[in-house]
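**Student:** Structure incoming, see below.
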Amino acid sequence: MTVIDRTNQHLFQPPLYQVATAGLAAPAIAAPVRHVPARQKNATVLMAHVVGIDTGARTVQLDDGQHIPYVELIVATGATHSDFGHDEWQAHAPGLKTLEDAFDIRRRILVAFEQAEREPVDAARAAWLTFVVIGAGATGVEMAGMLAEIARRTLNGEFRRFDSRSARVILLEGGPRVLPAFPEDLSARARAQLERLGVIVWLDSRVTAIDRRGVEIGGTRIDARTVIRAAGVEAPPRSRWAAMPRATSCAGCAANRRGRSAIATTARWPRSAARPPSRSSARSSCRAIRRA
Ligand SMILES: Cc1cc2nc3c(=O)[nH]c(=O)nc-3n(C[C@H](O)[C@H](O)[C@H](O)COP(=O)(O)OP(=O)(O)OC[C@H]3O[C@@H](n4cnc5c(N)ncnc54)[C@H](O)[C@@H]3O)c2cc1C
């Protein structure tokens with residue numbers, strides 16, 4: 001058995017926001033991949049980046065041109081960010097999927113407070129002290145809550161030119177409530193808790209532009225030097241891999257625009273999945289899983 005991963009660590013993603021907000025160190029949520037099958041003598045771990053699959057020749061192609069033969073192949077490459085067609089957003093507003101993303105976000109947050117201390121102009125300082133989180137799913141809610149804690153508690157009293165408690169944390173959600181996948185009463189409670197922490201929640205607020213100085217929601221602009229994206233998930237670009245066209249990303253299962261594959265109400269791959277999943281089929285799958 002050969003396990004191939006482009007990183008050498010097995011990452012537990014749910015607490016990534018704590019690494020991004022300096023609450024946890026990286027080793028608390030990541031361990032070397034090769035530790036996992038260390039005692040399994042027939043298992044080899046290779047740190048390598050897969051760029052293609054030749055299902056005819058039954059080989060996996062690595063970015064250095066090497067080909068690894070296989071008899072059976074399991075592709076489990078996880079999910080990645082969706083830029084909603086805006087490639088330029090990544091540079092100004094990192095997402096949170098990997099340890100590198102978490103380090104990048106942590107650096108941006110800490111640097112923003114340091115820059116605010118050096119900034120003599122009030123408006124410019126306010127932009128350094130404005131943190132925008134896009135997307136009020138679980139990751140966005142956790143990030144916004146932690147940012148508010150940092151500003152109000154962790155850094156309180158450490159700066160001379162401003163009060164860290166004056167920092168604004170703005171959580172933007174395109175839909176009508178936070179935690180849209182949760183029941184409405186939990187959404188309402190989460191929103192109330194966020195607001196108690198000092199987070200400013202904007203609902204029905206779809207971001208239309210992001211640049212290095214802030215974000216735009218339609219005609220409204222927010223000047224913010226730190227923008228974090230917690231919205232948009234899609235399948236990684238397996239569709240670009242040779243011999244794995246987009247529409248057959250999972251053994252014949254249809255995939256939608258974002259590479260997500262339809263599942264049956266029993267959470268199994270349907271045998272004859274020929275069309276992308278509709279919103280209603282995804283919802284009924286979720287209902288069936290909740291009932292089970
Ligand atoms: C911030 C955050 C919070 C989350 N919170 C929760 C939660 O509270 N509860 C929950 O149930 N789920 C949560 N999730 C989702 C959960 O972490 C994922 O569903 C889970 O990690 C998916 O596991 P996986 O093995 O499919 O993919 P991953 O854990 O993403 O593993 C995929 C692996 O493939 C490797 N890889 C990708 N492409 C290539 C390539 N081309 N070549 C070589 N290697 C490659 C990657 O390096 C990675 O190690 C969260 C996710 C995130 C990002």
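Residues are named by chain letter and number: chains run A, B, ... in the order of the structure tokens, numbers start at 1 in each chain, and ligands are numbered from 1 in the order shown.
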Can you tell me which residues surround region 158-162 of chain A at a distance of at most 9 Å, considering only C-alpha atoms, apart from same-chain residues fewer than 2 positions away, and format the answer as a PDB file with N, CA and C atoms, in the first residue's frame?
**Tutor:**
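The file below, selection.pdb, is the result:
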```pdb
ATOM      1  N   PHE A 113      -2.400  44.653  14.303  1.00  0.00           N
ATOM      2  CA  PHE A 113      -2.350  45.376  15.581  1.00  0.00           C
ATOM      3  C   PHE A 113      -1.030  46.162  15.692  1.00  0.00           C
ATOM      4  N   GLU A 114       0.080  45.551  15.252  1.00  0.00           N
ATOM      5  CA  GLU A 114       1.378  46.244  15.312  1.00  0.00           C
ATOM      6  C   GLU A 114       1.370  47.488  14.419  1.00  0.00           C
ATOM      7  N   ALA A 116      -1.201  49.224  13.544  1.00  0.00           N
ATOM      8  CA  ALA A 116      -2.092  50.226  14.135  1.00  0.00           C
ATOM      9  C   ALA A 116      -1.340  51.059  15.176  1.00  0.00           C
ATOM     10  N   GLU A 117      -0.442  50.415  15.918  1.00  0.00           N
ATOM     11  CA  GLU A 117       0.329  51.146  16.943  1.00  0.00           C
ATOM     12  C   GLU A 117       1.261  52.188  16.306  1.00  0.00           C
ATOM     13  N   ARG A 118       1.709  51.894  15.059  1.00  0.00           N
ATOM     14  CA  ARG A 118       2.639  52.804  14.388  1.00  0.00           C
ATOM     15  C   ARG A 118       1.926  53.858  13.561  1.00  0.00           C
ATOM     16  N   GLU A 119       0.614  53.703  13.349  1.00  0.00           N
ATOM     17  CA  GLU A 119      -0.115  54.552  12.400  1.00  0.00           C
ATOM     18  C   GLU A 119      -0.595  55.844  13.067  1.00  0.00           C
ATOM     19  N   PRO A 120      -0.102  57.016  12.586  1.00  0.00           N
ATOM     20  CA  PRO A 120      -0.514  58.274  13.221  1.00  0.00           C
ATOM     21  C   PRO A 120      -1.884  58.786  12.762  1.00  0.00           C
ATOM     22  N   ARG A 125      -5.527  54.067  10.914  1.00  0.00           N
ATOM     23  CA  ARG A 125      -5.434  53.148  12.059  1.00  0.00           C
ATOM     24  C   ARG A 125      -6.721  52.334  12.197  1.00  0.00           C
ATOM     25  N   THR A 154      -7.327  39.331  25.208  1.00  0.00           N
ATOM     26  CA  THR A 154      -5.908  38.947  25.127  1.00  0.00           C
ATOM     27  C   THR A 154      -4.991  40.165  25.020  1.00  0.00           C
ATOM     28  N   LEU A 155      -5.334  41.118  24.163  1.00  0.00           N
ATOM     29  CA  LEU A 155      -4.429  42.243  23.908  1.00  0.00           C
ATOM     30  C   LEU A 155      -4.785  43.485  24.712  1.00  0.00           C
ATOM     31  N   ASN A 156      -5.803  43.385  25.522  1.00  0.00           N
ATOM     32  CA  ASN A 156      -6.260  44.557  26.280  1.00  0.00           C
ATOM     33  C   ASN A 156      -5.130  45.131  27.143  1.00  0.00           C
ATOM     34  N   SER A 164      -7.188  48.338  22.312  1.00  0.00           N
ATOM     35  CA  SER A 164      -7.442  47.181  21.430  1.00  0.00           C
ATOM     36  C   SER A 164      -8.925  46.818  21.415  1.00  0.00           C
ATOM     37  N   ARG A 165      -9.652  47.195  22.474  1.00  0.00           N
ATOM     38  CA  ARG A 165     -11.082  46.872  22.523  1.00  0.00           C
ATOM     39  C   ARG A 165     -11.894  47.665  21.508  1.00  0.00           C
ATOM     40  N   SER A 166     -11.236  48.694  20.919  1.00  0.00           N
ATOM     41  CA  SER A 166     -11.951  49.476  19.895  1.00  0.00           C
ATOM     42  C   SER A 166     -11.911  48.789  18.533  1.00  0.00           C
TER      43      SER A 166
END
```
**Student:** Find the residues near Ile200 (chain A): any atom within 9 Å, counting only C-alpha atoms, skip ones fewer than 2 places away on the same chain, and give them as a ChimeraX atom specification.
**Tutor:** /A:168-172,194-195,198,202
**Student:** Taking only C-alpha atoms and all ligand atoms into account, report as JSON, numbers by chain which residues have an atom no farther than 6 Å from an atom of ligand 1.
**Tutor:** {"A": [4, 5, 6, 7, 10, 13, 14, 16, 48, 49, 50, 51, 76, 77, 78, 79, 96, 97, 139]}
**Student:** Could you state the separation of CA of Tyr17 (chain A) and CA of Ile228 (chain A) in Å, given to one decimal place?
**Tutor:**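 CA of Ile228 (chain A) lies at a distance of 10.9 Å from CA of Tyr17 (chain A).
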**Student:** Write out as a VMD selection string all residues of region 2-48 of chain A that backbone DSSP assigns to strand (DSSP E or B).
**Tutor:** chain A and resid 2 to 5 9 to 11 30 to 32 44 to 47
**Student:** Keeping only N, CA and C atoms, write those residues as a PDB file, in the first residue's frame.
**Tutor:**
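Contents of result_5.pdb, as written:
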```
ATOM      1  N   THR A   2       0.548   2.169  -0.858  1.00  0.00           N
ATOM      2  CA  THR A   2       1.321   3.416  -0.918  1.00  0.00           C
ATOM      3  C   THR A   2       0.392   4.592  -0.606  1.00  0.00           C
ATOM      4  N   VAL A   3       0.771   5.388   0.367  1.00  0.00           N
ATOM      5  CA  VAL A   3       0.007   6.607   0.696  1.00  0.00           C
ATOM      6  C   VAL A   3       0.796   7.797   0.160  1.00  0.00           C
ATOM      7  N   ILE A   4       0.143   8.589  -0.673  1.00  0.00           N
ATOM      8  CA  ILE A   4       0.832   9.764  -1.248  1.00  0.00           C
ATOM      9  C   ILE A   4       0.153  11.031  -0.729  1.00  0.00           C
ATOM     10  N   ASP A   5       0.929  11.949  -0.166  1.00  0.00           N
ATOM     11  CA  ASP A   5       0.374  13.246   0.268  1.00  0.00           C
ATOM     12  C   ASP A   5       1.408  14.327  -0.027  1.00  0.00           C
ATOM     13  N   GLN A   9       2.211  16.024   6.798  1.00  0.00           N
ATOM     14  CA  GLN A   9       1.447  15.950   8.045  1.00  0.00           C
ATOM     15  C   GLN A   9      -0.013  15.590   7.821  1.00  0.00           C
ATOM     16  N   HIS A  10      -0.545  14.872   8.795  1.00  0.00           N
ATOM     17  CA  HIS A  10      -1.967  14.582   8.824  1.00  0.00           C
ATOM     18  C   HIS A  10      -2.594  15.685   9.679  1.00  0.00           C
ATOM     19  N   LEU A  11      -3.468  16.471   9.070  1.00  0.00           N
ATOM     20  CA  LEU A  11      -3.979  17.674   9.734  1.00  0.00           C
ATOM     21  C   LEU A  11      -5.407  17.471  10.199  1.00  0.00           C
ATOM     22  N   ALA A  30      -1.568  18.692  14.161  1.00  0.00           N
ATOM     23  CA  ALA A  30      -0.972  18.021  12.999  1.00  0.00           C
ATOM     24  C   ALA A  30       0.082  17.025  13.461  1.00  0.00           C
ATOM     25  N   ALA A  31       0.105  15.857  12.811  1.00  0.00           N
ATOM     26  CA  ALA A  31       1.085  14.826  13.146  1.00  0.00           C
ATOM     27  C   ALA A  31       1.644  14.271  11.847  1.00  0.00           C
ATOM     28  N   PRO A  32       2.873  13.766  11.868  1.00  0.00           N
ATOM     29  CA  PRO A  32       3.440  13.245  10.618  1.00  0.00           C
ATOM     30  C   PRO A  32       2.587  12.113  10.043  1.00  0.00           C
ATOM     31  N   THR A  44       3.841   2.178   2.538  1.00  0.00           N
ATOM     32  CA  THR A  44       4.903   3.149   2.253  1.00  0.00           C
ATOM     33  C   THR A  44       4.258   4.526   2.140  1.00  0.00           C
ATOM     34  N   VAL A  45       4.870   5.530   2.758  1.00  0.00           N
ATOM     35  CA  VAL A  45       4.347   6.897   2.662  1.00  0.00           C
ATOM     36  C   VAL A  45       5.285   7.715   1.773  1.00  0.00           C
ATOM     37  N   LEU A  46       4.721   8.373   0.776  1.00  0.00           N
ATOM     38  CA  LEU A  46       5.524   9.231  -0.101  1.00  0.00           C
ATOM     39  C   LEU A  46       5.007  10.653  -0.008  1.00  0.00           C
ATOM     40  N   MET A  47       5.898  11.603   0.252  1.00  0.00           N
ATOM     41  CA  MET A  47       5.487  13.006   0.211  1.00  0.00           C
ATOM     42  C   MET A  47       5.662  13.480  -1.234  1.00  0.00           C
TER      43      MET A  47
END
```
**Student:** Per DSSP on the backbone, filter region 134-219 of chain A down to the residues in helix (DSSP H, G or I) and report them as a PyMOL selection string.
**Tutor:** chain A and resi 138-154+164-166+184-197
